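Pasting input.cif here (mmCIF, C-alpha atoms):
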```
data_coords
#
loop_
_atom_site.label_atom_id
_atom_site.label_comp_id
_atom_site.auth_asym_id
_atom_site.auth_seq_id
_atom_site.Cartn_x
_atom_site.Cartn_y
_atom_site.Cartn_z
CA MET A 1 -10.46 8.53 33.91
CA THR A 2 -12.36 5.63 35.46
CA THR A 3 -11.12 3.94 38.60
CA GLU A 4 -11.02 0.41 37.13
CA VAL A 5 -8.33 1.49 34.66
CA SER A 6 -4.95 1.12 36.31
CA ARG A 7 -2.32 3.82 36.06
CA GLU A 8 -0.23 1.51 33.90
CA ASP A 9 -3.00 1.37 31.27
CA ASN A 10 -3.28 5.13 31.24
CA LEU A 11 0.40 5.76 30.61
CA PRO A 12 0.17 5.69 26.79
CA ASN A 13 -2.64 8.27 26.93
CA GLU A 14 -0.65 10.51 29.26
CA ALA A 15 2.41 10.22 27.06
CA GLU A 16 0.31 11.05 24.02
CA PHE A 17 -1.18 14.08 25.76
CA GLY A 18 2.25 15.33 26.83
CA PHE A 19 3.53 14.92 23.30
CA TRP A 20 0.50 16.78 22.00
CA LEU A 21 1.41 19.71 24.30
CA TYR A 22 4.95 19.68 22.88
CA LEU A 23 3.58 19.74 19.33
CA MET A 24 1.41 22.77 20.11
CA SER A 25 4.40 24.65 21.57
CA ASP A 26 6.37 23.72 18.46
CA ALA A 27 3.51 25.06 16.32
CA ILE A 28 3.89 28.42 18.09
CA LEU A 29 7.65 28.36 17.46
CA PHE A 30 7.10 27.77 13.75
CA GLY A 31 4.29 30.36 13.64
CA LEU A 32 6.63 33.04 14.94
CA ILE A 33 9.39 32.11 12.48
CA PHE A 34 6.75 32.38 9.74
CA ALA A 35 5.83 35.85 11.04
CA THR A 36 9.51 36.84 10.98
CA TYR A 37 9.80 35.61 7.38
CA VAL A 38 6.75 37.57 6.24
CA VAL A 39 8.14 40.74 7.86
CA MET A 40 11.56 40.19 6.22
CA VAL A 41 10.54 38.89 2.79
CA ASN A 42 11.03 42.21 0.97
CA ASN A 43 14.34 43.06 2.70
CA THR A 44 16.51 41.63 -0.06
CA ALA A 45 19.23 44.29 0.28
CA GLY A 46 19.70 44.39 -3.49
CA GLY A 47 20.31 40.63 -3.52
CA PRO A 48 18.33 37.82 -5.16
CA THR A 49 14.59 37.42 -4.54
CA GLY A 50 12.57 34.23 -4.18
CA ASP A 51 11.75 34.35 -7.88
CA ASP A 52 15.48 34.23 -8.75
CA LEU A 53 16.24 31.34 -6.36
CA PHE A 54 13.28 28.98 -6.08
CA SER A 55 12.48 26.14 -8.47
CA LEU A 56 8.93 24.85 -8.84
CA ASN A 57 10.26 21.43 -9.95
CA ASN A 58 12.34 21.03 -6.82
CA LEU A 59 9.41 22.17 -4.67
CA THR A 60 6.99 19.75 -6.33
CA ILE A 61 9.33 16.79 -5.80
CA GLN A 62 9.90 17.71 -2.13
CA THR A 63 6.19 18.20 -1.50
CA VAL A 64 5.19 14.90 -3.09
CA LEU A 65 7.92 13.02 -1.17
CA LEU A 66 6.85 14.46 2.19
CA LEU A 67 3.13 14.06 1.56
CA THR A 68 3.57 10.44 0.49
CA SER A 69 5.71 9.74 3.56
CA THR A 70 2.89 11.01 5.78
CA LEU A 71 0.66 8.34 4.19
CA THR A 72 3.24 5.55 4.56
CA ILE A 73 3.99 6.32 8.23
CA ALA A 74 0.27 6.20 9.03
CA LEU A 75 0.08 2.79 7.31
CA GLY A 76 3.12 1.69 9.36
CA HIS A 77 1.47 2.71 12.62
CA GLN A 78 -1.75 0.92 11.69
CA ALA A 79 0.23 -2.23 10.84
CA ALA A 80 1.94 -2.06 14.26
CA VAL A 81 -1.44 -1.66 16.00
CA SER A 82 -2.70 -4.80 14.23
CA LYS A 83 0.47 -6.59 15.49
CA ASN A 84 1.99 -6.96 12.03
CA ALA A 85 5.65 -6.12 12.72
CA GLY A 86 6.91 -7.05 9.24
CA SER A 87 4.46 -4.77 7.48
CA ALA A 88 5.09 -1.97 10.00
CA ILE A 89 8.85 -2.19 9.40
CA PHE A 90 8.29 -2.18 5.63
CA TRP A 91 6.22 1.05 5.76
CA LEU A 92 8.70 2.71 8.13
CA VAL A 93 11.57 1.90 5.78
CA VAL A 94 9.57 3.42 2.89
CA THR A 95 8.92 6.47 5.09
CA CYS A 96 12.65 6.81 5.84
CA VAL A 97 13.54 6.57 2.15
CA LEU A 98 10.98 9.26 1.26
CA GLY A 99 12.09 11.46 4.17
CA ALA A 100 15.75 11.09 3.22
CA GLY A 101 14.86 11.95 -0.39
CA PHE A 102 13.07 15.08 0.83
CA LEU A 103 16.13 16.11 2.84
CA ALA A 104 18.47 15.39 -0.08
CA PHE A 105 16.54 17.75 -2.36
CA GLU A 106 16.38 20.37 0.40
CA LEU A 107 20.12 20.19 1.10
CA ARG A 108 20.92 20.38 -2.61
CA GLU A 109 18.75 23.48 -2.95
CA LEU A 110 20.29 25.22 0.09
CA ASN A 111 23.78 24.24 -1.05
CA ASP A 112 23.15 25.69 -4.52
CA MET A 113 21.94 28.92 -2.94
CA VAL A 114 25.04 29.25 -0.78
CA ALA A 115 27.21 28.51 -3.84
CA ARG A 116 25.44 31.31 -5.72
CA GLU A 117 26.31 33.74 -2.89
CA ALA A 118 22.71 33.67 -1.68
CA GLY A 119 23.50 32.22 1.74
CA PRO A 120 21.86 33.22 5.02
CA GLY A 121 24.22 36.18 5.40
CA ARG A 122 23.23 37.85 2.14
CA SER A 123 20.04 39.63 3.25
CA GLY A 124 17.31 39.71 5.88
CA PHE A 125 15.09 37.81 3.47
CA LEU A 126 17.64 34.98 3.15
CA THR A 127 18.39 34.89 6.89
CA SER A 128 14.74 34.29 7.69
CA PHE A 129 14.38 31.87 4.76
CA PHE A 130 17.28 29.71 5.97
CA THR A 131 16.01 29.87 9.56
CA LEU A 132 12.53 28.64 8.64
CA VAL A 133 13.49 26.00 6.07
CA GLY A 134 16.45 24.91 8.21
CA THR A 135 14.34 24.53 11.36
CA HIS A 136 11.85 22.40 9.44
CA GLY A 137 14.68 20.35 7.92
CA LEU A 138 16.21 19.75 11.37
CA HIS A 139 12.84 18.49 12.60
CA VAL A 140 12.63 16.10 9.64
CA THR A 141 16.17 14.89 10.41
CA ALA A 142 15.19 14.23 14.03
CA GLY A 143 12.07 12.40 12.84
CA LEU A 144 14.22 10.30 10.52
CA LEU A 145 16.52 9.22 13.40
CA TRP A 146 13.45 8.48 15.50
CA ALA A 147 11.94 6.37 12.69
CA LEU A 148 15.18 4.37 12.40
CA THR A 149 15.04 3.77 16.17
CA MET A 150 11.46 2.55 15.85
CA ILE A 151 12.46 0.15 13.06
CA ALA A 152 15.08 -1.33 15.40
CA GLN A 153 12.58 -1.55 18.29
CA LEU A 154 9.97 -3.22 16.09
CA ALA A 155 12.57 -5.73 14.89
CA ILE A 156 13.90 -6.50 18.39
CA LYS A 157 10.93 -6.05 20.71
CA GLY A 158 8.06 -6.58 18.27
CA PRO A 159 4.85 -4.52 18.15
CA THR A 160 4.31 -4.40 21.93
CA PRO A 161 2.00 -1.69 23.38
CA PRO A 162 4.92 0.61 24.47
CA VAL A 163 6.48 0.35 21.00
CA ALA A 164 3.12 1.05 19.33
CA SER A 165 2.66 4.06 21.64
CA ARG A 166 6.07 5.49 20.67
CA LEU A 167 5.25 4.87 17.03
CA LEU A 168 1.95 6.74 17.48
CA ARG A 169 3.86 9.78 18.80
CA LEU A 170 6.31 9.59 15.90
CA THR A 171 3.33 9.47 13.52
CA LEU A 172 1.82 12.59 15.14
CA PHE A 173 5.21 14.32 14.86
CA TRP A 174 5.54 13.40 11.19
CA HIS A 175 1.99 14.57 10.35
CA PHE A 176 2.75 17.81 12.20
CA LEU A 177 5.87 18.36 10.08
CA ASP A 178 3.80 17.90 6.94
CA ILE A 179 1.36 20.55 8.19
CA VAL A 180 4.30 22.92 8.70
CA TRP A 181 5.45 22.13 5.16
CA ILE A 182 2.01 23.23 3.84
CA GLY A 183 2.81 26.58 5.45
CA VAL A 184 6.32 26.58 3.97
CA PHE A 185 5.23 26.13 0.38
CA SER A 186 2.19 28.40 0.75
CA VAL A 187 4.00 31.27 2.48
CA ILE A 188 7.54 31.04 1.08
CA TYR A 189 7.81 29.18 -2.21
CA LEU A 190 4.57 29.72 -4.14
CA PRO A 191 4.32 33.49 -3.43
CA GLY A 192 8.07 33.76 -4.14
CA LEU A 193 7.71 31.99 -7.47
CA MET A 194 4.97 34.41 -8.53
CA GLY A 195 7.64 37.09 -8.56
CA MET B 1 -13.04 -2.45 12.89
CA LYS B 2 -11.47 0.68 14.29
CA SER B 3 -8.34 0.04 12.23
CA ASN B 4 -10.47 -0.27 9.07
CA SER B 5 -12.05 3.17 9.47
CA GLU B 6 -8.61 4.53 10.36
CA SER B 7 -6.98 3.32 7.16
CA LYS B 8 -9.96 4.63 5.17
CA ASP B 9 -9.49 8.03 6.86
CA THR B 10 -5.79 8.00 6.01
CA VAL B 11 -6.36 7.25 2.32
CA VAL B 12 -9.21 9.79 2.00
CA GLY B 13 -7.05 12.41 3.74
CA PHE B 14 -4.10 11.65 1.46
CA LEU B 15 -6.21 12.02 -1.71
CA LEU B 16 -7.76 15.29 -0.48
CA ALA B 17 -4.29 16.59 0.43
CA LEU B 18 -3.00 15.71 -3.06
CA VAL B 19 -5.83 17.66 -4.71
CA LEU B 20 -5.41 20.61 -2.32
CA THR B 21 -1.68 20.66 -3.11
CA ALA B 22 -2.16 20.35 -6.87
CA VAL B 23 -4.59 23.31 -7.04
CA PRO B 24 -2.20 26.08 -5.85
CA PHE B 25 0.81 24.51 -7.65
CA LEU B 26 -1.05 24.46 -10.98
CA ALA B 27 -2.40 27.96 -10.39
CA VAL B 28 1.18 29.24 -9.98
CA LEU B 29 2.61 27.12 -12.82
CA TYR B 30 0.06 28.28 -15.40
CA LYS B 31 -0.49 31.76 -13.86
CA LEU B 32 -4.24 31.22 -13.75
CA GLY B 33 -5.53 34.68 -12.91
CA SER B 34 -4.19 37.83 -11.33
CA ARG B 35 -1.58 37.86 -8.56
CA GLU B 36 -4.24 38.63 -5.97
CA ALA B 37 -6.48 35.81 -7.20
CA ILE B 38 -3.64 33.24 -7.11
CA THR B 39 -2.63 34.42 -3.61
CA ALA B 40 -6.21 33.89 -2.47
CA VAL B 41 -6.23 30.39 -4.00
CA ILE B 42 -2.92 29.53 -2.24
CA ALA B 43 -4.21 30.80 1.12
CA ALA B 44 -7.57 29.05 0.84
CA SER B 45 -6.01 25.72 -0.24
CA ALA B 46 -3.49 25.89 2.61
CA ILE B 47 -6.14 26.53 5.26
CA VAL B 48 -8.40 23.78 3.96
CA GLN B 49 -5.48 21.36 3.66
CA ILE B 50 -4.39 22.05 7.25
CA LEU B 51 -7.94 21.29 8.41
CA VAL B 52 -7.93 18.09 6.30
CA HIS B 53 -4.65 17.00 7.94
CA LEU B 54 -5.98 17.73 11.43
CA ARG B 55 -9.17 15.81 10.76
CA PHE B 56 -7.95 12.81 8.73
CA PHE B 57 -4.34 12.33 9.92
CA LEU B 58 -4.31 13.68 13.47
CA GLY B 59 -7.87 12.52 14.14
CA ILE B 60 -9.11 15.82 15.59
CA ARG B 61 -12.90 16.02 15.63
CA LEU B 62 -14.62 18.89 17.35
CA ARG B 63 -17.45 16.78 18.78
CA LYS B 64 -15.70 13.43 19.29
CA SER B 65 -12.14 14.26 20.39
CA ALA B 66 -11.29 14.36 24.07
CA PRO B 67 -11.46 17.98 25.29
CA GLU B 68 -7.99 17.71 26.85
CA ASN B 69 -6.62 17.34 23.32
CA LEU B 70 -8.77 20.13 21.91
CA TYR B 71 -8.00 22.78 24.54
CA PRO B 72 -4.22 22.90 23.89
CA LEU B 73 -4.96 23.11 20.15
CA LEU B 74 -7.41 25.98 20.65
CA PHE B 75 -5.00 27.70 23.05
CA ALA B 76 -2.19 27.39 20.50
CA VAL B 77 -4.46 28.87 17.83
CA VAL B 78 -5.36 31.82 20.10
CA LEU B 79 -1.66 32.44 20.88
CA LEU B 80 -0.74 32.22 17.20
CA VAL B 81 -3.48 34.66 16.20
CA ILE B 82 -2.35 37.16 18.85
CA MET B 83 1.41 36.84 18.30
CA VAL B 84 1.58 36.29 14.53
CA GLY B 85 -1.31 38.63 13.75
CA GLY B 86 0.06 41.23 16.16
CA THR B 87 3.57 41.02 14.70
CA LEU B 88 2.36 41.45 11.14
CA TRP B 89 0.03 44.29 12.11
CA VAL B 90 2.63 46.25 14.06
CA MET B 91 5.43 45.71 11.53
CA ALA B 92 3.23 46.59 8.52
CA ASN B 93 2.09 49.73 10.31
CA MET B 94 5.67 50.67 11.12
CA SER B 95 6.78 50.05 7.55
CA TYR B 96 3.95 52.30 6.33
CA ARG B 97 4.92 55.09 8.76
CA MET B 98 8.56 54.83 7.68
CA GLY B 99 7.34 55.59 4.15
CA HIS B 100 8.13 52.28 2.46
#
```
Could you write out this structure as structure tokens?
Amino acid sequence: MTTEVSREDNLPNEAEFGFWLYLMSDAILFGLIFATYVVMVNNTAGGPTGDDLFSLNNLTIQTVLLLTSTLTIALGHQAAVSKNAGSAIFWLVVTCVLGAGFLAFELRELNDMVAREAGPGRSGFLTSFFTLVGTHGLHVTAGLLWALTMIAQLAIKGPTPPVASRLLRLTLFWHFLDIVWIGVFSVIYLPGLMG
Amino acid sequence: MKSNSESKDTVVGFLLALVLTAVPFLAVLYKLGSREAITAVIAASAIVQILVHLRFFLGIRLRKSAPENLYPLLFAVVLLVIMVGGTLWVMANMSYRMGH
């Protein structure tokens, strides 16, 4: 850090670094839930297995929705950096729609499973499945609320440097959640669907 | 100028991610190969796609990124390898000794 840069100018960088530390600790949290899932995956207690419960169609729709939203939020951040509030708001709204669609498909799937008596209480496999998918879904829900807040801030305050900095952290968060989702479909769904 | 290269990165990353997602999904859908082969394809695509996301979306570059962003990432990777790898190792060993 050079001396001619005031502390005020450095604040966005510090905030970004702090958020980066949070993301890394969150990565460890998810990593350990993944480890728990892999240990528990065969403990079905005579209940349904992944092959009985998962649907490749549902998974494909969810994956495409989340992956596309990671593109649109990046475009939104870039629009905010180039001071184009209207375009930034447009991309954030698209991101929210895609994220909400992702959550809708996830909730429908989990609901169906509970209705088929394959809820988190059925077996060790399902407990760890609900924990992992649920934790990811809660993160997406939090990201969705955050994105709505950013839409309001962009509309009221405009693309000022503090708003752009918050939007950058939201973008990092959203990209991180998509990375976790790569793990979810590669560790849970695709191996499960192979039977 | 910076924003131009950034949007190019984003689009390139998105296209690579689409391909790296399609490969394991199609392999499972059409059962292309043995179970072991498909598992290897899933694992390889996932690892490459995570690297693509880190490089093109999160902007991590080994030579260009600030070290204070790289060190936490490397530290997290070390912790994950120890804790996740250790968990799987110990639990698989225990399962084997219990005769499952």
* **Shell of 9 Å around segment 155-162 of chain A, all atoms listed in the file, local chain residues under 3 positions omitted, as a VMD selection string** => chain A and resid 12 79 to 86 88 to 89 150 to 152 165 to 167
Keeping only C-alpha atoms, write the selected residues to a file as a compact mmCIF listing (two decimals), in the coordinates of the input.
```txt
# COMPACT_ATOMS: atom_id res chain seq x y z
CA PRO A 12 0.17 5.69 26.79
CA ALA A 79 0.23 -2.23 10.84
CA ALA A 80 1.94 -2.06 14.26
CA VAL A 81 -1.44 -1.66 16.00
CA SER A 82 -2.70 -4.80 14.23
CA LYS A 83 0.47 -6.59 15.49
CA ASN A 84 1.99 -6.96 12.03
CA ALA A 85 5.65 -6.12 12.72
CA GLY A 86 6.91 -7.05 9.24
CA ALA A 88 5.09 -1.97 10.00
CA ILE A 89 8.85 -2.19 9.40
CA MET A 150 11.46 2.55 15.85
CA ILE A 151 12.46 0.15 13.06
CA ALA A 152 15.08 -1.33 15.40
CA SER A 165 2.66 4.06 21.64
CA ARG A 166 6.07 5.49 20.67
CA LEU A 167 5.25 4.87 17.03
```
* For atom CA of Leu132 of chain A and atom CA of Thr63 of chain A, the interatomic separation in Å (one decimal) ->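 Computing it gives 15.9 Å between the two atoms.
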* To do: Take the point (-5.1, 19.0, 9.0) as written in the file and pick out every residue within 10 Å of it, counting only C-alpha atoms; give the list as a PyMOL selection string.
  => (chain A and resi 175-176+178-179+182) or (chain B and resi 13+17+46-60)
For the structure shown, which residues end up in the PyMOL selection byres ((chain B) within 8 of (chain A))? Put them as a PDB file with C-alpha atoms, in the frame of the given file, please?
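The result, written out as part_32.pdb:
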```pdb
ATOM      1  CA  SER B   3      -8.340   0.040  12.230  1.00  0.00           C
ATOM      2  CA  GLU B   6      -8.610   4.530  10.360  1.00  0.00           C
ATOM      3  CA  SER B   7      -6.980   3.320   7.160  1.00  0.00           C
ATOM      4  CA  THR B  10      -5.790   8.000   6.010  1.00  0.00           C
ATOM      5  CA  VAL B  11      -6.360   7.250   2.320  1.00  0.00           C
ATOM      6  CA  PHE B  14      -4.100  11.650   1.460  1.00  0.00           C
ATOM      7  CA  ALA B  17      -4.290  16.590   0.430  1.00  0.00           C
ATOM      8  CA  LEU B  18      -3.000  15.710  -3.060  1.00  0.00           C
ATOM      9  CA  PRO B  24      -2.200  26.080  -5.850  1.00  0.00           C
ATOM     10  CA  PHE B  25       0.810  24.510  -7.650  1.00  0.00           C
ATOM     11  CA  VAL B  28       1.180  29.240  -9.980  1.00  0.00           C
ATOM     12  CA  LEU B  29       2.610  27.120 -12.820  1.00  0.00           C
ATOM     13  CA  ARG B  35      -1.580  37.860  -8.560  1.00  0.00           C
ATOM     14  CA  THR B  39      -2.630  34.420  -3.610  1.00  0.00           C
ATOM     15  CA  ILE B  42      -2.920  29.530  -2.240  1.00  0.00           C
ATOM     16  CA  ALA B  43      -4.210  30.800   1.120  1.00  0.00           C
ATOM     17  CA  ALA B  46      -3.490  25.890   2.610  1.00  0.00           C
ATOM     18  CA  GLN B  49      -5.480  21.360   3.660  1.00  0.00           C
ATOM     19  CA  ILE B  50      -4.390  22.050   7.250  1.00  0.00           C
ATOM     20  CA  HIS B  53      -4.650  17.000   7.940  1.00  0.00           C
ATOM     21  CA  PHE B  57      -4.340  12.330   9.920  1.00  0.00           C
ATOM     22  CA  LEU B  58      -4.310  13.680  13.470  1.00  0.00           C
ATOM     23  CA  GLU B  68      -7.990  17.710  26.850  1.00  0.00           C
ATOM     24  CA  ASN B  69      -6.620  17.340  23.320  1.00  0.00           C
ATOM     25  CA  PRO B  72      -4.220  22.900  23.890  1.00  0.00           C
ATOM     26  CA  LEU B  73      -4.960  23.110  20.150  1.00  0.00           C
ATOM     27  CA  ALA B  76      -2.190  27.390  20.500  1.00  0.00           C
ATOM     28  CA  LEU B  79      -1.660  32.440  20.880  1.00  0.00           C
ATOM     29  CA  LEU B  80      -0.740  32.220  17.200  1.00  0.00           C
ATOM     30  CA  MET B  83       1.410  36.840  18.300  1.00  0.00           C
ATOM     31  CA  VAL B  84       1.580  36.290  14.530  1.00  0.00           C
ATOM     32  CA  THR B  87       3.570  41.020  14.700  1.00  0.00           C
ATOM     33  CA  LEU B  88       2.360  41.450  11.140  1.00  0.00           C
ATOM     34  CA  MET B  91       5.430  45.710  11.530  1.00  0.00           C
ATOM     35  CA  ALA B  92       3.230  46.590   8.520  1.00  0.00           C
TER      36      ALA B  92
END
```
* **Proximity to Gly50 of chain A - best of A:Trp146, A:Trp181, A:Tyr189, A:Tyr37, all atoms listed in the file** =>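 Among the listed residues, the smallest separation from Gly50 of chain A belongs to A:Tyr189.
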When you get a chance, write out N, CA and C atoms for segment 9-28 of chain B, as a PDB file, in the coordinates of the input.
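Final output, saved to part-v5.pdb:
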```
ATOM      1  N   ASP B   9      -9.755   6.613   6.582  1.00  0.00           N
ATOM      2  CA  ASP B   9      -9.490   8.030   6.860  1.00  0.00           C
ATOM      3  C   ASP B   9      -8.172   8.473   6.261  1.00  0.00           C
ATOM      4  N   THR B  10      -7.127   7.630   6.484  1.00  0.00           N
ATOM      5  CA  THR B  10      -5.790   8.000   6.010  1.00  0.00           C
ATOM      6  C   THR B  10      -5.776   8.157   4.501  1.00  0.00           C
ATOM      7  N   VAL B  11      -6.396   7.195   3.790  1.00  0.00           N
ATOM      8  CA  VAL B  11      -6.360   7.250   2.320  1.00  0.00           C
ATOM      9  C   VAL B  11      -7.186   8.433   1.819  1.00  0.00           C
ATOM     10  N   VAL B  12      -8.378   8.644   2.407  1.00  0.00           N
ATOM     11  CA  VAL B  12      -9.210   9.790   2.000  1.00  0.00           C
ATOM     12  C   VAL B  12      -8.445  11.090   2.244  1.00  0.00           C
ATOM     13  N   GLY B  13      -7.801  11.201   3.420  1.00  0.00           N
ATOM     14  CA  GLY B  13      -7.050  12.410   3.740  1.00  0.00           C
ATOM     15  C   GLY B  13      -5.911  12.634   2.759  1.00  0.00           C
ATOM     16  N   PHE B  14      -5.223  11.542   2.395  1.00  0.00           N
ATOM     17  CA  PHE B  14      -4.100  11.650   1.460  1.00  0.00           C
ATOM     18  C   PHE B  14      -4.583  12.158   0.100  1.00  0.00           C
ATOM     19  N   LEU B  15      -5.706  11.597  -0.394  1.00  0.00           N
ATOM     20  CA  LEU B  15      -6.210  12.020  -1.710  1.00  0.00           C
ATOM     21  C   LEU B  15      -6.647  13.493  -1.669  1.00  0.00           C
ATOM     22  N   LEU B  16      -7.356  13.883  -0.595  1.00  0.00           N
ATOM     23  CA  LEU B  16      -7.760  15.290  -0.480  1.00  0.00           C
ATOM     24  C   LEU B  16      -6.540  16.197  -0.437  1.00  0.00           C
ATOM     25  N   ALA B  17      -5.502  15.767   0.321  1.00  0.00           N
ATOM     26  CA  ALA B  17      -4.290  16.590   0.430  1.00  0.00           C
ATOM     27  C   ALA B  17      -3.613  16.732  -0.922  1.00  0.00           C
ATOM     28  N   LEU B  18      -3.602  15.632  -1.716  1.00  0.00           N
ATOM     29  CA  LEU B  18      -3.000  15.710  -3.060  1.00  0.00           C
ATOM     30  C   LEU B  18      -3.714  16.749  -3.909  1.00  0.00           C
ATOM     31  N   VAL B  19      -5.057  16.711  -3.898  1.00  0.00           N
ATOM     32  CA  VAL B  19      -5.830  17.660  -4.710  1.00  0.00           C
ATOM     33  C   VAL B  19      -5.563  19.084  -4.221  1.00  0.00           C
ATOM     34  N   LEU B  20      -5.576  19.266  -2.876  1.00  0.00           N
ATOM     35  CA  LEU B  20      -5.410  20.610  -2.320  1.00  0.00           C
ATOM     36  C   LEU B  20      -3.994  21.131  -2.501  1.00  0.00           C
ATOM     37  N   THR B  21      -3.029  20.223  -2.774  1.00  0.00           N
ATOM     38  CA  THR B  21      -1.680  20.660  -3.110  1.00  0.00           C
ATOM     39  C   THR B  21      -1.597  21.001  -4.586  1.00  0.00           C
ATOM     40  N   ALA B  22      -2.239  20.155  -5.420  1.00  0.00           N
ATOM     41  CA  ALA B  22      -2.160  20.350  -6.870  1.00  0.00           C
ATOM     42  C   ALA B  22      -2.780  21.684  -7.273  1.00  0.00           C
ATOM     43  N   VAL B  23      -3.890  22.075  -6.633  1.00  0.00           N
ATOM     44  CA  VAL B  23      -4.590  23.310  -7.040  1.00  0.00           C
ATOM     45  C   VAL B  23      -3.674  24.540  -6.991  1.00  0.00           C
ATOM     46  N   PRO B  24      -3.047  24.874  -5.848  1.00  0.00           N
ATOM     47  CA  PRO B  24      -2.200  26.080  -5.850  1.00  0.00           C
ATOM     48  C   PRO B  24      -0.956  25.926  -6.730  1.00  0.00           C
ATOM     49  N   PHE B  25      -0.372  24.705  -6.806  1.00  0.00           N
ATOM     50  CA  PHE B  25       0.810  24.510  -7.650  1.00  0.00           C
ATOM     51  C   PHE B  25       0.474  24.781  -9.117  1.00  0.00           C
ATOM     52  N   LEU B  26      -0.667  24.244  -9.586  1.00  0.00           N
ATOM     53  CA  LEU B  26      -1.050  24.460 -10.980  1.00  0.00           C
ATOM     54  C   LEU B  26      -1.398  25.924 -11.218  1.00  0.00           C
ATOM     55  N   ALA B  27      -2.044  26.544 -10.234  1.00  0.00           N
ATOM     56  CA  ALA B  27      -2.400  27.960 -10.390  1.00  0.00           C
ATOM     57  C   ALA B  27      -1.147  28.805 -10.580  1.00  0.00           C
ATOM     58  N   VAL B  28      -0.063  28.476  -9.835  1.00  0.00           N
ATOM     59  CA  VAL B  28       1.180  29.240  -9.980  1.00  0.00           C
ATOM     60  C   VAL B  28       1.881  28.880 -11.278  1.00  0.00           C
TER      61      VAL B  28
END
```
